[in-house]
Amino acid sequence: MTGAPANDHSALPTASRTSGVSARLVWMIPAGLALLAGLNAGLLLLGVWAPVTSKRLPDIHGMLLVLGFVGTLISLERATAYGRWFGFLAPALLGFGAVVLVAPAVPITVGQGLLIAGAAAFTLLYVPLWRRQYDPTVLTQLLAAGLALGAAILWRGGATVPQTLPWLIGFIVLTIAAERVELARISMGASAGSHILGFGWAVTGALVIGLVLPDAGAVLLGLVLGALTIWLLRHDVARRTINSTGVTRFMAACILAGYVWLAVAAVALLFGAPSEGVRYDAAVHAIFLGYTFSMIIAHSTTILPAVLGVRLPWNPAFWAPAGLLQIALVVRLWLGDGLDLPWALQLGGVLGVIALLLFLITAVTTAIVAARESHA
């Protein structure tokens, strides 16, 4: 995720960036729980040892990570940009909904209802942001949030998680791509916003067709995502900054890696609607691990400090989780899915979990050391 004109946190007064630190950290607690529960569920799905055994966790794995964690994180970022208390209803509802989903004593329908309410609040949050700027990238993100709402409604209505997969893909891909365009607008040109909005409507059209003709919708979605990947690779400044050094090179490497995994998912969708097996595994993890978390890691030292009001300076140690994540995906998708090696599927999955946990440990440790140094 990126900083951008619509959420330019650096432009906020210092007091507003620091006075709400503890409150905004509270919203991250359920998001963190959703991430840990989702990773635990991933281990259960792989058939390896997991800290917590639960019959419900494997069924809610995707929703925990996409809406519970990523949805909460992005909506918290936007609520911070909006700066009004009611904007924080979206991350609160999404985060609480994820926690309720995990609770075995609470009917799953309660958590589903909270996710619908959170996704609706998230969608509405973009309306004042759009009125503030009338930017096509913000309108694209509004559309993407609507796709998240659609996924939550479909799931509550009885659709399986694989059936909601294209809608979740649309939400994640369009949100991150639109935020990337906001940041790199100078290099992409004045018409970049209109282009990304066009891709947004194309994705939405493919999803609507997929409700009636799943295979045709998946193929169309794959074609649109492939075209979007090519367009992003051609125009993103990361192609040039990869030759830089330090944090600039790190961000570029993670961004370009994310685009590669987006292309892999696009190819997987060209064979029709993935419902199970290797194509489903490849599409899911290329998007939600490769594309999504590569982008999150890339921008972690700029977004998290702005949203949470904590110092997170660049540290070369961030290369370790970022690199391990790419290795994990190669092992899982190439050896595991591509060559049909069960042991590689499990190994790649476990390495992916370790990579994300290592990223969290690195980020928290770096923030604590920076806080101590600032008070020394």
# chains A, B, ... in the order shown; residues from 1 in each chain; ligands from 1
>>> select_by_dssp(residues="stretch 258-365 of chain A", states="helix (DSSP H, G or I)", output="ChimeraX atom specification")
/A:258-269,277-298,300-308,316-338,342-365
>>> residues_around(residues="stretch 115-131 of chain A", least_positions_apart="3", cutoff="7 Å", atoms="only C-alpha atoms", output="PyMOL selection string")
chain A and resi 75+82+87+89-91+93-94+97+111-112+134-135+138-139+142+145-146+148-149+152-153
>>> residues_around(residues="A:Val331", least_positions_apart="6", cutoff="8 Å", atoms="only C-alpha atoms", output="ChimeraX atom specification")
/A:344-345,347-348
>>> residues_around(residues="A:Met28", least_positions_apart="4", cutoff="8 Å", atoms="only C-alpha atoms", output="ChimeraX atom specification")
/A:24,32,72-73,95
>>> write_last_selection(atoms="C-alpha atoms", output="short mmCIF file (atom, residue, chain, number, x, y, z; two decimals), in the first residue's frame")
data_model
loop_
_atom_site.label_atom_id
_atom_site.label_comp_id
_atom_site.auth_asym_id
_atom_site.auth_seq_id
_atom_site.Cartn_x
_atom_site.Cartn_y
_atom_site.Cartn_z
CA ARG A 24 -5.13 3.61 16.17
CA GLY A 32 -3.06 -8.78 14.04
CA THR A 72 -8.75 -3.56 8.35
CA LEU A 73 -5.27 -2.25 7.52
CA GLY A 95 -11.44 -6.23 12.74
#
>>> closest_atom_pairs(of="stretch 251-340 of chain A", to="stretch 174-186 of chain A", cutoff="12 Å", atoms="only C-alpha atoms", output="JSON lines")
{"residue": "A:Met251", "atom": "CA", "partner": "A:Arg180", "partner_atom": "CA", "distance": 11.8}
{"residue": "A:Ala252", "atom": "CA", "partner": "A:Arg180", "partner_atom": "CA", "distance": 11.7}
{"residue": "A:Ile255", "atom": "CA", "partner": "A:Arg180", "partner_atom": "CA", "distance": 9.4}
{"residue": "A:Leu256", "atom": "CA", "partner": "A:Arg180", "partner_atom": "CA", "distance": 11.9}
{"residue": "A:Gly258", "atom": "CA", "partner": "A:Ile176", "partner_atom": "CA", "distance": 10.4}
{"residue": "A:Tyr259", "atom": "CA", "partner": "A:Ala177", "partner_atom": "CA", "distance": 9.8}
{"residue": "A:Leu262", "atom": "CA", "partner": "A:Ala177", "partner_atom": "CA", "distance": 10.7}
{"residue": "A:Ile287", "atom": "CA", "partner": "A:Ile176", "partner_atom": "CA", "distance": 11.3}
{"residue": "A:Phe288", "atom": "CA", "partner": "A:Ile176", "partner_atom": "CA", "distance": 11.5}
{"residue": "A:Tyr291", "atom": "CA", "partner": "A:Ile176", "partner_atom": "CA", "distance": 9.1}
{"residue": "A:Thr292", "atom": "CA", "partner": "A:Ile176", "partner_atom": "CA", "distance": 7.8}
{"residue": "A:Phe293", "atom": "CA", "partner": "A:Ile176", "partner_atom": "CA", "distance": 10.6}
{"residue": "A:Ser294", "atom": "CA", "partner": "A:Ile176", "partner_atom": "CA", "distance": 10.9}
{"residue": "A:Met295", "atom": "CA", "partner": "A:Ile176", "partner_atom": "CA", "distance": 7.7}
{"residue": "A:Ile296", "atom": "CA", "partner": "A:Ile176", "partner_atom": "CA", "distance": 9.1}
{"residue": "A:Ala298", "atom": "CA", "partner": "A:Arg180", "partner_atom": "CA", "distance": 11.2}
{"residue": "A:His299", "atom": "CA", "partner": "A:Arg180", "partner_atom": "CA", "distance": 10.1}
{"residue": "A:Thr302", "atom": "CA", "partner": "A:Leu183", "partner_atom": "CA", "distance": 11.6}
{"residue": "A:Ile303", "atom": "CA", "partner": "A:Glu179", "partner_atom": "CA", "distance": 11.5}
>>> write_last_selection(atoms="N, CA and C atoms", output="PDB file, in the first residue's frame")
ATOM      1  N   MET A 251      12.185  -1.150  -1.948  1.00  0.00           N
ATOM      2  CA  MET A 251      10.794  -0.943  -2.331  1.00  0.00           C
ATOM      3  C   MET A 251      10.564  -1.357  -3.776  1.00  0.00           C
ATOM      4  N   ALA A 252      11.478  -0.974  -4.659  1.00  0.00           N
ATOM      5  CA  ALA A 252      11.327  -1.312  -6.074  1.00  0.00           C
ATOM      6  C   ALA A 252      11.347  -2.824  -6.284  1.00  0.00           C
ATOM      7  N   ILE A 255       8.037  -4.275  -5.135  1.00  0.00           N
ATOM      8  CA  ILE A 255       6.956  -3.888  -6.049  1.00  0.00           C
ATOM      9  C   ILE A 255       7.014  -4.714  -7.328  1.00  0.00           C
ATOM     10  N   LEU A 256       8.190  -4.838  -7.915  1.00  0.00           N
ATOM     11  CA  LEU A 256       8.328  -5.603  -9.151  1.00  0.00           C
ATOM     12  C   LEU A 256       8.024  -7.085  -8.918  1.00  0.00           C
ATOM     13  N   GLY A 258       5.902  -8.166  -6.751  1.00  0.00           N
ATOM     14  CA  GLY A 258       4.453  -8.212  -6.669  1.00  0.00           C
ATOM     15  C   GLY A 258       3.802  -8.273  -8.038  1.00  0.00           C
ATOM     16  N   TYR A 259       4.327  -7.519  -8.987  1.00  0.00           N
ATOM     17  CA  TYR A 259       3.784  -7.535 -10.349  1.00  0.00           C
ATOM     18  C   TYR A 259       3.993  -8.901 -11.016  1.00  0.00           C
ATOM     19  N   LEU A 262       1.335 -11.119  -9.721  1.00  0.00           N
ATOM     20  CA  LEU A 262       0.058 -10.736 -10.311  1.00  0.00           C
ATOM     21  C   LEU A 262      -0.075 -11.361 -11.703  1.00  0.00           C
ATOM     22  N   ILE A 287      -1.796 -14.053  -5.695  1.00  0.00           N
ATOM     23  CA  ILE A 287      -2.412 -12.757  -5.425  1.00  0.00           C
ATOM     24  C   ILE A 287      -2.247 -12.341  -3.976  1.00  0.00           C
ATOM     25  N   PHE A 288      -2.704 -13.186  -3.060  1.00  0.00           N
ATOM     26  CA  PHE A 288      -2.827 -12.761  -1.663  1.00  0.00           C
ATOM     27  C   PHE A 288      -1.540 -12.868  -0.859  1.00  0.00           C
ATOM     28  N   TYR A 291       1.490 -10.928  -4.484  1.00  0.00           N
ATOM     29  CA  TYR A 291       1.194  -9.539  -4.848  1.00  0.00           C
ATOM     30  C   TYR A 291       0.922  -8.676  -3.616  1.00  0.00           C
ATOM     31  N   THR A 292       0.008  -9.131  -2.775  1.00  0.00           N
ATOM     32  CA  THR A 292      -0.450  -8.300  -1.658  1.00  0.00           C
ATOM     33  C   THR A 292       0.651  -8.057  -0.635  1.00  0.00           C
ATOM     34  N   PHE A 293       1.261  -9.114  -0.140  1.00  0.00           N
ATOM     35  CA  PHE A 293       2.227  -8.923   0.941  1.00  0.00           C
ATOM     36  C   PHE A 293       3.556  -8.368   0.427  1.00  0.00           C
ATOM     37  N   SER A 294       3.886  -8.595  -0.831  1.00  0.00           N
ATOM     38  CA  SER A 294       5.074  -7.925  -1.376  1.00  0.00           C
ATOM     39  C   SER A 294       4.872  -6.417  -1.350  1.00  0.00           C
ATOM     40  N   MET A 295       3.650  -5.963  -1.695  1.00  0.00           N
ATOM     41  CA  MET A 295       3.353  -4.536  -1.682  1.00  0.00           C
ATOM     42  C   MET A 295       3.304  -3.979  -0.260  1.00  0.00           C
ATOM     43  N   ILE A 296       2.727  -4.749   0.651  1.00  0.00           N
ATOM     44  CA  ILE A 296       2.672  -4.296   2.048  1.00  0.00           C
ATOM     45  C   ILE A 296       4.084  -4.141   2.611  1.00  0.00           C
ATOM     46  N   ALA A 298       6.805  -3.706   0.938  1.00  0.00           N
ATOM     47  CA  ALA A 298       7.501  -2.634   0.216  1.00  0.00           C
ATOM     48  C   ALA A 298       7.256  -1.279   0.845  1.00  0.00           C
ATOM     49  N   HIS A 299       6.015  -1.019   1.265  1.00  0.00           N
ATOM     50  CA  HIS A 299       5.644   0.312   1.750  1.00  0.00           C
ATOM     51  C   HIS A 299       5.484   0.382   3.262  1.00  0.00           C
ATOM     52  N   THR A 302       6.809   3.437   5.211  1.00  0.00           N
ATOM     53  CA  THR A 302       6.179   4.737   4.965  1.00  0.00           C
ATOM     54  C   THR A 302       4.742   4.776   5.451  1.00  0.00           C
ATOM     55  N   ILE A 303       3.993   3.689   5.255  1.00  0.00           N
ATOM     56  CA  ILE A 303       2.578   3.683   5.623  1.00  0.00           C
ATOM     57  C   ILE A 303       2.380   3.498   7.126  1.00  0.00           C
TER      58      ILE A 303
END
>>> closest_atom_pairs(of="stretch 142-257 of chain A", to="stretch 306-314 of chain A", cutoff="12 Å", atoms="only C-alpha atoms", output="CSV")
residue,atom,partner,partner_atom,distance
A:Thr245,CA,A:Trp314,CA,11.8
A:Gly246,CA,A:Trp314,CA,8.1
A:Val247,CA,A:Trp314,CA,6.2
A:Thr248,CA,A:Trp314,CA,9.7
A:Arg249,CA,A:Trp314,CA,11.4
A:Phe250,CA,A:Trp314,CA,9.5
A:Met251,CA,A:Trp314,CA,10.4
>>> write_last_selection(atoms="C-alpha atoms", output="CSV table (one decimal), in the first residue's frame")
chain,number,residue,atom,x,y,z
A,245,THR,CA,20.3,1.7,-3.3
A,246,GLY,CA,19.0,1.3,0.3
A,247,VAL,CA,15.2,1.6,0.9
A,248,THR,CA,14.5,2.8,-2.6
A,249,ARG,CA,15.9,-0.3,-4.2
A,250,PHE,CA,14.2,-2.5,-1.6
A,251,MET,CA,10.8,-0.9,-2.3
>>> residues_around(residues="A:Val284", least_positions_apart="4", cutoff="8 Å", atoms="only C-alpha atoms", output="list in words")
Leu165, Ala265, Tyr280, Phe288 and Leu289 of chain A
>>> residues_around(residues="A:Ser187", least_positions_apart="6", cutoff="10 Å", atoms="only C-alpha atoms", output="list in words")
Val181, His235, Asp236, Val237 and Ala238 of chain A
>>> write_last_selection(atoms="N, CA and C atoms", output="mmCIF file, in the first residue's frame")
data_model
loop_
_atom_site.group_PDB
_atom_site.id
_atom_site.type_symbol
_atom_site.label_atom_id
_atom_site.label_comp_id
_atom_site.auth_asym_id
_atom_site.auth_seq_id
_atom_site.Cartn_x
_atom_site.Cartn_y
_atom_site.Cartn_z
ATOM 1 N N VAL A 181 -0.704 4.006 -8.280
ATOM 2 C CA VAL A 181 -0.805 5.066 -9.283
ATOM 3 C C VAL A 181 -0.776 6.439 -8.608
ATOM 4 N N HIS A 235 4.857 1.501 -16.754
ATOM 5 C CA HIS A 235 4.785 2.881 -16.291
ATOM 6 C C HIS A 235 5.311 3.105 -14.871
ATOM 7 N N ASP A 236 5.445 2.059 -14.091
ATOM 8 C CA ASP A 236 5.857 2.263 -12.700
ATOM 9 C C ASP A 236 7.328 2.665 -12.618
ATOM 10 N N VAL A 237 7.601 3.664 -11.790
ATOM 11 C CA VAL A 237 8.965 4.169 -11.624
ATOM 12 C C VAL A 237 9.877 3.125 -10.996
ATOM 13 N N ALA A 238 9.301 2.054 -10.427
ATOM 14 C CA ALA A 238 10.115 1.002 -9.814
ATOM 15 C C ALA A 238 11.069 0.365 -10.809
#
